[in-house]
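coords_29.cif follows; it contains mmCIF, C-alpha atoms.
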data_coords
#
loop_
_atom_site.group_PDB
_atom_site.id
_atom_site.type_symbol
_atom_site.label_atom_id
_atom_site.label_comp_id
_atom_site.auth_asym_id
_atom_site.auth_seq_id
_atom_site.Cartn_x
_atom_site.Cartn_y
_atom_site.Cartn_z
ATOM 1 C CA MET U 1187 134.697 144.666 152.331
ATOM 2 C CA ARG U 1188 132.681 142.212 150.239
ATOM 3 C CA PHE U 1189 130.175 139.801 151.782
ATOM 4 C CA ILE U 1190 130.063 136.457 150.006
ATOM 5 C CA SER U 1191 127.437 134.532 151.996
ATOM 6 C CA GLN U 1192 124.888 134.915 154.763
ATOM 7 C CA ALA U 1193 122.987 132.375 156.866
ATOM 8 C CA SER U 1194 120.981 132.526 160.087
ATOM 9 C CA SER U 1195 120.226 129.888 162.726
ATOM 10 C CA ASP U 1196 119.279 129.818 166.404
ATOM 11 C CA GLY U 1197 119.219 133.593 166.687
ATOM 12 C CA VAL U 1198 122.619 134.220 165.056
ATOM 13 C CA THR U 1199 123.377 135.605 161.586
ATOM 14 C CA GLU U 1200 126.705 134.555 160.072
ATOM 15 C CA GLN U 1201 128.236 136.543 157.196
ATOM 16 C CA LEU U 1202 131.404 135.475 155.407
ATOM 17 C CA PHE U 1203 133.417 138.332 153.927
ATOM 18 C CA ILE U 1204 136.579 139.175 152.029
ATOM 19 C CA LEU U 1205 138.578 142.326 152.719
ATOM 20 C CA GLY U 1206 141.423 142.599 150.225
ATOM 21 C CA GLU U 1207 143.161 139.237 150.658
ATOM 22 C CA ILE U 1208 141.757 138.657 154.151
ATOM 23 C CA PRO U 1209 138.879 136.148 154.551
ATOM 24 C CA GLY U 1210 136.720 136.667 157.617
ATOM 25 C CA VAL U 1211 133.396 135.970 159.274
ATOM 26 C CA LEU U 1212 131.014 138.200 161.210
ATOM 27 C CA TRP U 1213 128.373 136.933 163.635
ATOM 28 C CA THR U 1214 125.550 139.218 164.820
ATOM 29 C CA PRO U 1215 122.162 138.780 166.501
ATOM 30 C CA GLU U 1216 119.480 137.754 164.017
ATOM 31 C CA ASN U 1217 116.835 140.300 162.987
ATOM 32 C CA THR U 1218 118.316 143.203 164.955
ATOM 33 C CA ALA U 1219 119.634 146.561 163.807
ATOM 34 C CA GLY U 1220 121.798 149.306 165.245
ATOM 35 C CA ALA U 1221 125.249 149.564 166.761
ATOM 36 C CA ARG U 1222 126.604 147.137 169.346
ATOM 37 C CA PRO U 1223 129.937 146.242 170.967
ATOM 38 C CA LEU U 1224 132.265 144.192 168.771
ATOM 39 C CA ILE U 1225 134.567 141.373 169.853
ATOM 40 C CA LEU U 1226 137.432 140.361 167.552
ATOM 41 C CA MET U 1227 138.574 136.764 168.086
ATOM 42 C CA GLY U 1228 142.015 135.367 167.240
ATOM 43 C CA HIS U 1229 142.172 131.649 166.418
ATOM 44 C CA GLY U 1230 144.884 129.213 167.495
ATOM 45 C CA GLY U 1231 147.824 127.889 165.523
ATOM 46 C CA GLY U 1232 146.865 125.450 162.770
ATOM 47 C CA ARG U 1233 143.210 126.472 163.093
ATOM 48 C CA HIS U 1234 141.028 128.996 161.289
ATOM 49 C CA LYS U 1235 138.199 131.534 161.577
ATOM 50 C CA LYS U 1236 135.484 128.842 161.649
ATOM 51 C CA ASP U 1237 137.198 126.363 163.929
ATOM 52 C CA PRO U 1238 134.455 124.687 166.007
ATOM 53 C CA ASP U 1239 135.751 126.238 169.253
ATOM 54 C CA VAL U 1240 135.783 129.705 167.673
ATOM 55 C CA VAL U 1241 132.255 129.298 166.300
ATOM 56 C CA ALA U 1242 130.860 127.989 169.592
ATOM 57 C CA ARG U 1243 132.421 130.821 171.589
ATOM 58 C CA ALA U 1244 131.328 133.451 169.062
ATOM 59 C CA ARG U 1245 127.730 132.239 169.094
ATOM 60 C CA ARG U 1246 127.757 132.275 172.891
ATOM 61 C CA PHE U 1247 128.907 135.906 172.883
ATOM 62 C CA VAL U 1248 126.181 136.833 170.374
ATOM 63 C CA THR U 1249 123.276 135.038 172.045
ATOM 64 C CA GLY U 1250 124.362 135.707 175.617
ATOM 65 C CA GLY U 1251 125.476 139.319 175.287
ATOM 66 C CA GLY U 1252 124.109 140.709 172.027
ATOM 67 C CA PHE U 1253 127.640 141.334 170.766
ATOM 68 C CA ALA U 1254 128.903 141.383 167.212
ATOM 69 C CA VAL U 1255 131.811 138.943 166.871
ATOM 70 C CA ALA U 1256 134.350 138.651 164.062
ATOM 71 C CA ALA U 1257 137.274 136.387 163.219
ATOM 72 C CA VAL U 1258 139.682 136.322 160.279
ATOM 73 C CA ASP U 1259 142.139 133.766 158.955
ATOM 74 C CA VAL U 1260 145.717 134.690 159.821
ATOM 75 C CA PRO U 1261 148.400 134.244 157.122
ATOM 76 C CA GLY U 1262 148.882 130.629 156.064
ATOM 77 C CA HIS U 1263 145.677 129.446 157.777
ATOM 78 C CA GLY U 1264 142.130 128.649 156.709
ATOM 79 C CA ASP U 1265 141.206 130.062 153.315
ATOM 80 C CA ARG U 1266 144.407 132.046 152.895
ATOM 81 C CA PRO U 1267 147.060 130.750 150.498
ATOM 82 C CA LYS U 1268 150.122 129.013 151.817
ATOM 83 C CA ASP U 1269 152.950 131.373 152.696
ATOM 84 C CA GLU U 1270 156.248 129.821 151.668
ATOM 85 C CA ARG U 1271 158.284 131.885 154.138
ATOM 86 C CA TYR U 1272 156.110 130.996 157.122
ATOM 87 C CA ASP U 1273 155.923 127.334 156.049
ATOM 88 C CA ARG U 1274 159.709 127.158 155.778
ATOM 89 C CA ILE U 1275 160.212 128.652 159.244
ATOM 90 C CA ALA U 1276 157.599 126.340 160.761
ATOM 91 C CA THR U 1277 159.284 123.296 159.197
ATOM 92 C CA GLU U 1278 162.708 124.426 160.413
ATOM 93 C CA ASN U 1279 161.347 125.026 163.903
ATOM 94 C CA GLN U 1280 159.781 121.570 164.038
ATOM 95 C CA ALA U 1281 163.109 120.016 163.079
ATOM 96 C CA ARG U 1282 164.869 121.991 165.796
ATOM 97 C CA VAL U 1283 162.353 120.882 168.418
ATOM 98 C CA THR U 1284 162.758 117.278 167.296
ATOM 99 C CA ALA U 1285 166.510 117.719 167.726
ATOM 100 C CA GLY U 1286 165.994 118.788 171.339
ATOM 101 C CA GLU U 1287 165.568 122.567 171.348
ATOM 102 C CA GLU U 1288 163.009 124.173 173.659
ATOM 103 C CA PRO U 1289 159.881 125.057 171.640
ATOM 104 C CA ALA U 1290 158.854 128.205 173.551
ATOM 105 C CA PRO U 1291 161.535 130.579 172.154
ATOM 106 C CA LEU U 1292 160.940 129.306 168.615
ATOM 107 C CA ILE U 1293 157.171 129.760 168.918
ATOM 108 C CA ALA U 1294 157.633 133.245 170.364
ATOM 109 C CA ALA U 1295 159.920 134.387 167.564
ATOM 110 C CA PHE U 1296 157.573 133.016 164.908
ATOM 111 C CA GLN U 1297 154.531 134.726 166.451
ATOM 112 C CA ALA U 1298 156.402 138.036 166.662
ATOM 113 C CA LEU U 1299 157.183 137.768 162.943
ATOM 114 C CA VAL U 1300 153.573 137.012 161.960
ATOM 115 C CA ALA U 1301 152.271 139.827 164.193
ATOM 116 C CA ARG U 1302 154.057 142.390 162.037
ATOM 117 C CA GLN U 1303 151.602 141.466 159.295
ATOM 118 C CA THR U 1304 148.469 140.726 161.313
ATOM 119 C CA VAL U 1305 148.393 143.841 163.521
ATOM 120 C CA PRO U 1306 147.863 146.260 160.596
ATOM 121 C CA GLU U 1307 145.525 143.772 158.920
ATOM 122 C CA TRP U 1308 143.329 143.477 162.008
ATOM 123 C CA ARG U 1309 143.226 147.244 162.481
ATOM 124 C CA THR U 1310 141.955 147.580 158.907
ATOM 125 C CA VAL U 1311 139.346 144.856 159.450
ATOM 126 C CA LEU U 1312 138.184 146.598 162.619
ATOM 127 C CA ARG U 1313 137.824 149.912 160.807
ATOM 128 C CA GLU U 1314 135.713 148.394 158.032
ATOM 129 C CA LEU U 1315 133.501 146.385 160.392
ATOM 130 C CA GLN U 1316 132.712 149.469 162.430
ATOM 131 C CA ARG U 1317 131.433 151.195 159.296
ATOM 132 C CA LEU U 1318 128.601 148.655 159.094
ATOM 133 C CA GLU U 1319 125.236 149.835 160.409
ATOM 134 C CA HIS U 1320 124.630 146.624 162.349
ATOM 135 C CA VAL U 1321 128.019 146.895 164.101
ATOM 136 C CA GLY U 1322 128.832 150.585 164.448
ATOM 137 C CA ALA U 1323 131.690 152.398 166.152
ATOM 138 C CA GLY U 1324 131.041 151.168 169.675
ATOM 139 C CA PRO U 1325 133.345 149.564 172.257
ATOM 140 C CA VAL U 1326 135.674 146.794 171.067
ATOM 141 C CA GLY U 1327 136.945 143.712 172.881
ATOM 142 C CA TYR U 1328 139.533 141.123 171.919
ATOM 143 C CA TRP U 1329 139.623 137.377 172.710
ATOM 144 C CA GLY U 1330 142.608 135.194 171.812
ATOM 145 C CA VAL U 1331 144.682 132.403 173.336
ATOM 146 C CA SER U 1332 147.782 130.517 172.155
ATOM 147 C CA LEU U 1333 148.571 131.961 168.707
ATOM 148 C CA GLY U 1334 145.640 134.314 169.299
ATOM 149 C CA CYS U 1335 147.502 135.613 172.342
ATOM 150 C CA GLY U 1336 150.867 135.923 170.636
ATOM 151 C CA LEU U 1337 149.269 138.003 167.882
ATOM 152 C CA GLY U 1338 146.692 139.618 170.149
ATOM 153 C CA VAL U 1339 149.055 141.222 172.671
ATOM 154 C CA PRO U 1340 150.741 143.498 170.092
ATOM 155 C CA PHE U 1341 147.339 144.178 168.496
ATOM 156 C CA VAL U 1342 145.720 145.261 171.782
ATOM 157 C CA ALA U 1343 148.802 147.328 172.609
ATOM 158 C CA ALA U 1344 148.564 149.139 169.260
ATOM 159 C CA GLU U 1345 144.784 149.563 169.000
ATOM 160 C CA PRO U 1346 143.164 152.269 171.189
ATOM 161 C CA ARG U 1347 139.642 151.147 170.218
ATOM 162 C CA VAL U 1348 140.052 147.932 172.244
ATOM 163 C CA ARG U 1349 138.578 148.469 175.696
ATOM 164 C CA ALA U 1350 139.014 144.986 177.221
ATOM 165 C CA ALA U 1351 140.797 141.748 176.314
ATOM 166 C CA VAL U 1352 140.845 138.068 177.203
ATOM 167 C CA LEU U 1353 144.300 136.620 176.537
ATOM 168 C CA GLY U 1354 146.181 133.509 177.574
ATOM 169 C CA LEU U 1355 148.154 130.354 176.830
ATOM 170 C CA GLY U 1356 151.028 132.598 175.800
ATOM 171 C CA GLY U 1357 154.387 133.613 177.238
ATOM 172 C CA ALA U 1358 156.521 136.681 177.762
ATOM 173 C CA LEU U 1359 159.409 135.850 175.428
ATOM 174 C CA ALA U 1360 158.017 137.789 172.466
ATOM 175 C CA SER U 1361 155.178 139.734 174.089
ATOM 176 C CA ALA U 1362 156.491 141.379 177.271
ATOM 177 C CA GLU U 1363 157.377 144.700 175.637
ATOM 178 C CA ALA U 1364 153.968 145.041 173.996
ATOM 179 C CA ALA U 1365 152.214 143.834 177.168
ATOM 180 C CA ALA U 1366 153.782 146.716 179.078
ATOM 181 C CA ARG U 1367 151.774 149.084 176.857
ATOM 182 C CA ILE U 1368 148.413 147.449 177.607
ATOM 183 C CA THR U 1369 146.392 149.325 180.212
ATOM 184 C CA VAL U 1370 142.832 148.104 179.481
ATOM 185 C CA PRO U 1371 141.192 145.425 181.681
ATOM 186 C CA VAL U 1372 142.576 141.962 180.886
ATOM 187 C CA ARG U 1373 141.493 138.474 181.879
ATOM 188 C CA PHE U 1374 144.469 136.138 181.454
ATOM 189 C CA LEU U 1375 143.948 132.360 181.079
ATOM 190 C CA LEU U 1376 146.753 129.998 182.059
ATOM 191 C CA GLN U 1377 146.903 126.200 181.987
ATOM 192 C CA TRP U 1378 148.978 125.045 184.955
ATOM 193 C CA ASP U 1379 150.372 121.983 183.169
ATOM 194 C CA ASP U 1380 150.910 123.628 179.756
ATOM 195 C CA GLU U 1381 153.461 121.586 177.805
ATOM 196 C CA ARG U 1382 153.968 124.262 175.125
ATOM 197 C CA VAL U 1383 154.287 127.452 177.165
ATOM 198 C CA PRO U 1384 156.343 127.108 180.356
ATOM 199 C CA ARG U 1385 154.339 128.177 183.391
ATOM 200 C CA ALA U 1386 156.961 130.736 184.359
ATOM 201 C CA GLN U 1387 156.682 132.363 180.928
ATOM 202 C CA GLY U 1388 152.893 132.576 181.174
ATOM 203 C CA LEU U 1389 153.098 134.132 184.631
ATOM 204 C CA ALA U 1390 155.775 136.527 183.387
ATOM 205 C CA LEU U 1391 153.492 137.699 180.590
ATOM 206 C CA PHE U 1392 150.685 138.295 183.079
ATOM 207 C CA ASP U 1393 153.085 140.269 185.278
ATOM 208 C CA ALA U 1394 154.211 142.333 182.264
ATOM 209 C CA LEU U 1395 150.686 143.591 181.544
ATOM 210 C CA ALA U 1396 150.438 147.207 182.681
ATOM 211 C CA SER U 1397 146.691 147.039 183.285
ATOM 212 C CA ALA U 1398 145.550 147.833 186.808
ATOM 213 C CA GLY U 1399 142.443 145.742 186.128
ATOM 214 C CA LYS U 1400 143.998 142.387 185.250
ATOM 215 C CA THR U 1401 142.949 139.020 186.640
ATOM 216 C CA LEU U 1402 144.607 135.614 186.316
ATOM 217 C CA HIS U 1403 142.542 132.467 185.788
ATOM 218 C CA ALA U 1404 144.821 129.456 186.297
ATOM 219 C CA ASN U 1405 143.299 126.028 185.633
ATOM 220 C CA PRO U 1406 144.779 122.533 185.830
ATOM 221 C CA GLY U 1407 145.472 120.828 182.535
ATOM 222 C CA ARG U 1408 147.570 120.936 179.397
ATOM 223 C CA HIS U 1409 147.695 123.529 176.613
ATOM 224 C CA GLY U 1410 144.604 122.300 174.771
ATOM 225 C CA GLU U 1411 142.482 121.619 177.848
ATOM 226 C CA LEU U 1412 141.050 125.075 178.576
ATOM 227 C CA PRO U 1413 137.856 124.487 180.608
ATOM 228 C CA ALA U 1414 134.546 125.129 178.842
ATOM 229 C CA PHE U 1415 133.310 127.310 181.689
ATOM 230 C CA GLU U 1416 135.849 129.975 180.734
ATOM 231 C CA ALA U 1417 133.567 130.869 177.793
ATOM 232 C CA ASP U 1418 130.833 132.022 180.176
ATOM 233 C CA SER U 1419 133.425 133.713 182.368
ATOM 234 C CA SER U 1420 134.699 135.631 179.343
ATOM 235 C CA LEU U 1421 131.148 136.613 178.405
ATOM 236 C CA ARG U 1422 130.552 138.122 181.847
ATOM 237 C CA PHE U 1423 133.902 139.917 181.615
ATOM 238 C CA PHE U 1424 132.990 141.556 178.312
ATOM 239 C CA GLN U 1425 129.492 142.426 179.528
ATOM 240 C CA ARG U 1426 131.053 144.255 182.460
ATOM 241 C CA HIS U 1427 133.585 146.211 180.413
ATOM 242 C CA LEU U 1428 131.942 146.766 177.013
ATOM 243 C CA CYS U 1429 128.258 147.223 177.797
#
Would you mind writing the structure in this file as structure tokens?
Amino acid sequence: MRFISQASSDGVTEQLFILGEIPGVLWTPENTAGARPLILMGHGGGRHKKDPDVVARARRFVTGGGFAVAAVDVPGHGDRPKDERYDRIATENQARVTAGEEPAPLIAAFQALVARQTVPEWRTVLRELQRLEHVGAGPVGYWGVSLGCGLGVPFVAAEPRVRAAVLGLGGALASAEAAARITVPVRFLLQWDDERVPRAQGLALFDALASAGKTLHANPGRHGELPAFEADSSLRFFQRHLC
């Protein structure tokens, strides 16, 4: 892991890093040392590790809970090079949706394909971050919705270091089997009027989670209209389960 920049503001230190071919960012409390819980965040489709929503939520977790927070660019996003295979599939899928096909199965299949690459990548990132003195090998949480959910469900299912997860805006078509292996506490976020993920598929994914400590937060609105107050709700959730 190679750090390429560092800056601090308003109590938060931000470090950009490269691990192999994976660009990422780590946020930690400013002028503090020692181990702390770590939250890995998955960004949405077409976004990146420093998307304004990701940065705002990460800084809230750092200042409000003293967490370390990290995010990385998934393949074909942010500072990663274009992936011709993924670009071709995305273009084909868009044409099929335009021709009248339902988008949910196409999105699910694409996310399942990308997850085969991102799950081992994220596990490697987690290992290297926990070797840092100002992060340490403490409890780990995961936060991800939309694409971050589609990739996050198989990651949480595969990674025993994750102790709690916030997931949502995703469906069961590609994730139900992995969800059945998740037993850690989960907060699941669902938009009642989601135009991208059918409500029944979102509810089916929540039902598929094997965790005895799962809660469903259903809010009115479309896919991109997740209420801002869910950031504070997620913070309290992680404080309860990671601290």
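Distances to Asp1393 (chain U) were evaluated for U:Gly1357, U:Pro1406, U:Pro1325, U:Pro1215 using only C-alpha atoms, and the minimum falls at U:Gly1357.
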Listed atoms of region 1383-1399 of chain U, axis-aligned box, 8 Å per side: centre and edge lengths to one decimal in Å, as JSON?
{"center_x": 149.7, "center_y": 137.5, "center_z": 182.0, "size_x": 30.5, "size_y": 36.7, "size_z": 25.6}
**Prompt:** Which residues come within 9 Å of Leu1359 (chain U), counting all atoms listed in the file, excluding same-chain residues fewer than 5 positions away, as number ranges by chain?
**Reply:** U: 1290-1291, 1294-1295, 1387, 1390-1391
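A straight line drawn from CA of Gly1388 (chain U) to CA of Glu1411 (chain U) is 15.5 Å long.
With only C-alpha atoms as the atoms that count, the residue of U:Gln1316, U:Val1321, U:Thr1284, U:Arg1302 with the shortest distance to Trp1213 (chain U) is U:Val1321.
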Hey, which bits of region 1274-1348 of chain U sit within 12 Å of region 1233-1236 of chain U, and for each residue what's the closest pair of atoms and how far apart in Å (one decimal), counting all atoms listed in the file, rows by chain and increasing number, as JSON lines?
{"residue": "U:Gly1330", "atom": "CA", "partner": "U:Lys1235", "partner_atom": "CA", "distance": 11.7}
{"residue": "U:Val1331", "atom": "CA", "partner": "U:Arg1233", "partner_atom": "CA", "distance": 11.9}
{"residue": "U:Ser1332", "atom": "CA", "partner": "U:Arg1233", "partner_atom": "CA", "distance": 10.9}
{"residue": "U:Leu1333", "atom": "CA", "partner": "U:Arg1233", "partner_atom": "CA", "distance": 9.5}
{"residue": "U:Gly1334", "atom": "CA", "partner": "U:Arg1233", "partner_atom": "CA", "distance": 10.3}
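Between CA of Ala1396 (chain U) and CA of Arg1373 (chain U) the separation is 12.5 Å.
Of the residues listed (U:Ala1281, U:Leu1318, U:Val1342, U:Leu1421), U:Val1342 shows the shortest atom-to-atom separation from Gly1228 (chain U); distances use all atoms listed in the file.
Proximity to Val1370 (chain U) was assessed for U:Pro1289, U:Gly1197, U:Gly1327, U:Gly1322 counting only C-alpha atoms; the smallest distance is recorded for U:Gly1327.
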**Prompt:** So what does the PyMOL selection byres ((chain U and resi 1416) around 12) actually pick up in this one, as a list in words?
**Reply:** Arg1243, Arg1246, Trp1329, Val1331, Val1352, Leu1353, Gly1354, Arg1373, Phe1374, Leu1375, Leu1376, Gln1377, Leu1402, His1403, Ala1404, Asn1405, Glu1411, Leu1412, Pro1413, Ala1414, Phe1415, Ala1417, Asp1418, Ser1419, Ser1420, Leu1421, Arg1422 and Phe1423 of chain U
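Taking CA of His1229 (chain U) and CA of Phe1189 (chain U) as the two end points, the separation is 20.6 Å.
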Excluding His1263 (chain U) and its own-chain neighbours fewer than 3 positions away, which residues fall within 8 Å of it when counting all atoms listed in the file? Please give them as an mmCIF file with C-alpha atoms, in the coordinates of the input.
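To be explicit, this is the file written out as result-v8.cif:
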data_model
loop_
_atom_site.group_PDB
_atom_site.id
_atom_site.type_symbol
_atom_site.label_atom_id
_atom_site.label_comp_id
_atom_site.auth_asym_id
_atom_site.auth_seq_id
_atom_site.Cartn_x
_atom_site.Cartn_y
_atom_site.Cartn_z
ATOM 1 C CA GLY U 1232 146.865 125.450 162.770
ATOM 2 C CA ARG U 1233 143.210 126.472 163.093
ATOM 3 C CA HIS U 1234 141.028 128.996 161.289
ATOM 4 C CA ASP U 1259 142.139 133.766 158.955
ATOM 5 C CA VAL U 1260 145.717 134.690 159.821
ATOM 6 C CA ARG U 1266 144.407 132.046 152.895
ATOM 7 C CA PRO U 1267 147.060 130.750 150.498
ATOM 8 C CA LYS U 1268 150.122 129.013 151.817
#
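The result of the PyMOL selection byres ((chain U and resi 1346) around 12) on the shown file is Arg1309, Leu1312, Arg1313, Pro1325, Val1326, Gly1327, Tyr1328, Pro1340, Phe1341, Val1342, Ala1343, Ala1344, Glu1345, Arg1347, Val1348, Arg1349, Ala1350, Ala1351, Arg1367, Ile1368, Thr1369 and Val1370 of chain U.
Proximity to Thr1214 (chain U) was assessed for U:Val1198, U:Ala1386, U:Ala1242, U:Ala1285 counting all atoms listed in the file; the smallest distance is recorded for U:Val1198.
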**Request:** Please write as a PyMOL selection string the full residue list that the PyMOL selection byres ((chain U and resi 1394) around 6) yields on this file.
**Result:** chain U and resi 1362+1365-1366+1391-1393+1395
For the residues in that selection, give me C-alpha atoms as an mmCIF file, in the coordinates of the input.
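Okay, this is what ended up in result-v8.cif:
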data_model
loop_
_atom_site.group_PDB
_atom_site.id
_atom_site.type_symbol
_atom_site.label_atom_id
_atom_site.label_comp_id
_atom_site.auth_asym_id
_atom_site.auth_seq_id
_atom_site.Cartn_x
_atom_site.Cartn_y
_atom_site.Cartn_z
ATOM 1 C CA ALA U 1362 156.491 141.379 177.271
ATOM 2 C CA ALA U 1365 152.214 143.834 177.168
ATOM 3 C CA ALA U 1366 153.782 146.716 179.078
ATOM 4 C CA LEU U 1391 153.492 137.699 180.590
ATOM 5 C CA PHE U 1392 150.685 138.295 183.079
ATOM 6 C CA ASP U 1393 153.085 140.269 185.278
ATOM 7 C CA LEU U 1395 150.686 143.591 181.544
#
**Prompt:** Pick from U:Asp1269, U:Gln1201, U:Pro1223, U:Trp1308: nearest to Phe1247 (chain U), with all atoms listed in the file counted?
**Reply:** U:Pro1223
Step by step: start from the point (125.4, 133.7, 164.9) in the file's coordinates, keep every protein, DNA or RNA residue that has an atom no farther than 12 Å from it, count all atoms listed in the file, and write the set as a PDB file with C-alpha atoms, keeping the file's coordinate frame.
ATOM      1  CA  GLN U1192     124.888 134.915 154.763  1.00  0.00           C
ATOM      2  CA  ALA U1193     122.987 132.375 156.866  1.00  0.00           C
ATOM      3  CA  SER U1194     120.981 132.526 160.087  1.00  0.00           C
ATOM      4  CA  SER U1195     120.226 129.888 162.726  1.00  0.00           C
ATOM      5  CA  ASP U1196     119.279 129.818 166.404  1.00  0.00           C
ATOM      6  CA  GLY U1197     119.219 133.593 166.687  1.00  0.00           C
ATOM      7  CA  VAL U1198     122.619 134.220 165.056  1.00  0.00           C
ATOM      8  CA  THR U1199     123.377 135.605 161.586  1.00  0.00           C
ATOM      9  CA  GLU U1200     126.705 134.555 160.072  1.00  0.00           C
ATOM     10  CA  GLN U1201     128.236 136.543 157.196  1.00  0.00           C
ATOM     11  CA  LEU U1202     131.404 135.475 155.407  1.00  0.00           C
ATOM     12  CA  VAL U1211     133.396 135.970 159.274  1.00  0.00           C
ATOM     13  CA  LEU U1212     131.014 138.200 161.210  1.00  0.00           C
ATOM     14  CA  TRP U1213     128.373 136.933 163.635  1.00  0.00           C
ATOM     15  CA  THR U1214     125.550 139.218 164.820  1.00  0.00           C
ATOM     16  CA  PRO U1215     122.162 138.780 166.501  1.00  0.00           C
ATOM     17  CA  GLU U1216     119.480 137.754 164.017  1.00  0.00           C
ATOM     18  CA  ASN U1217     116.835 140.300 162.987  1.00  0.00           C
ATOM     19  CA  THR U1218     118.316 143.203 164.955  1.00  0.00           C
ATOM     20  CA  LYS U1236     135.484 128.842 161.649  1.00  0.00           C
ATOM     21  CA  VAL U1240     135.783 129.705 167.673  1.00  0.00           C
ATOM     22  CA  VAL U1241     132.255 129.298 166.300  1.00  0.00           C
ATOM     23  CA  ALA U1242     130.860 127.989 169.592  1.00  0.00           C
ATOM     24  CA  ARG U1243     132.421 130.821 171.589  1.00  0.00           C
ATOM     25  CA  ALA U1244     131.328 133.451 169.062  1.00  0.00           C
ATOM     26  CA  ARG U1245     127.730 132.239 169.094  1.00  0.00           C
ATOM     27  CA  ARG U1246     127.757 132.275 172.891  1.00  0.00           C
ATOM     28  CA  PHE U1247     128.907 135.906 172.883  1.00  0.00           C
ATOM     29  CA  VAL U1248     126.181 136.833 170.374  1.00  0.00           C
ATOM     30  CA  THR U1249     123.276 135.038 172.045  1.00  0.00           C
ATOM     31  CA  GLY U1250     124.362 135.707 175.617  1.00  0.00           C
ATOM     32  CA  GLY U1251     125.476 139.319 175.287  1.00  0.00           C
ATOM     33  CA  GLY U1252     124.109 140.709 172.027  1.00  0.00           C
ATOM     34  CA  PHE U1253     127.640 141.334 170.766  1.00  0.00           C
ATOM     35  CA  ALA U1254     128.903 141.383 167.212  1.00  0.00           C
ATOM     36  CA  VAL U1255     131.811 138.943 166.871  1.00  0.00           C
ATOM     37  CA  ALA U1256     134.350 138.651 164.062  1.00  0.00           C
TER      38      ALA U1256
END
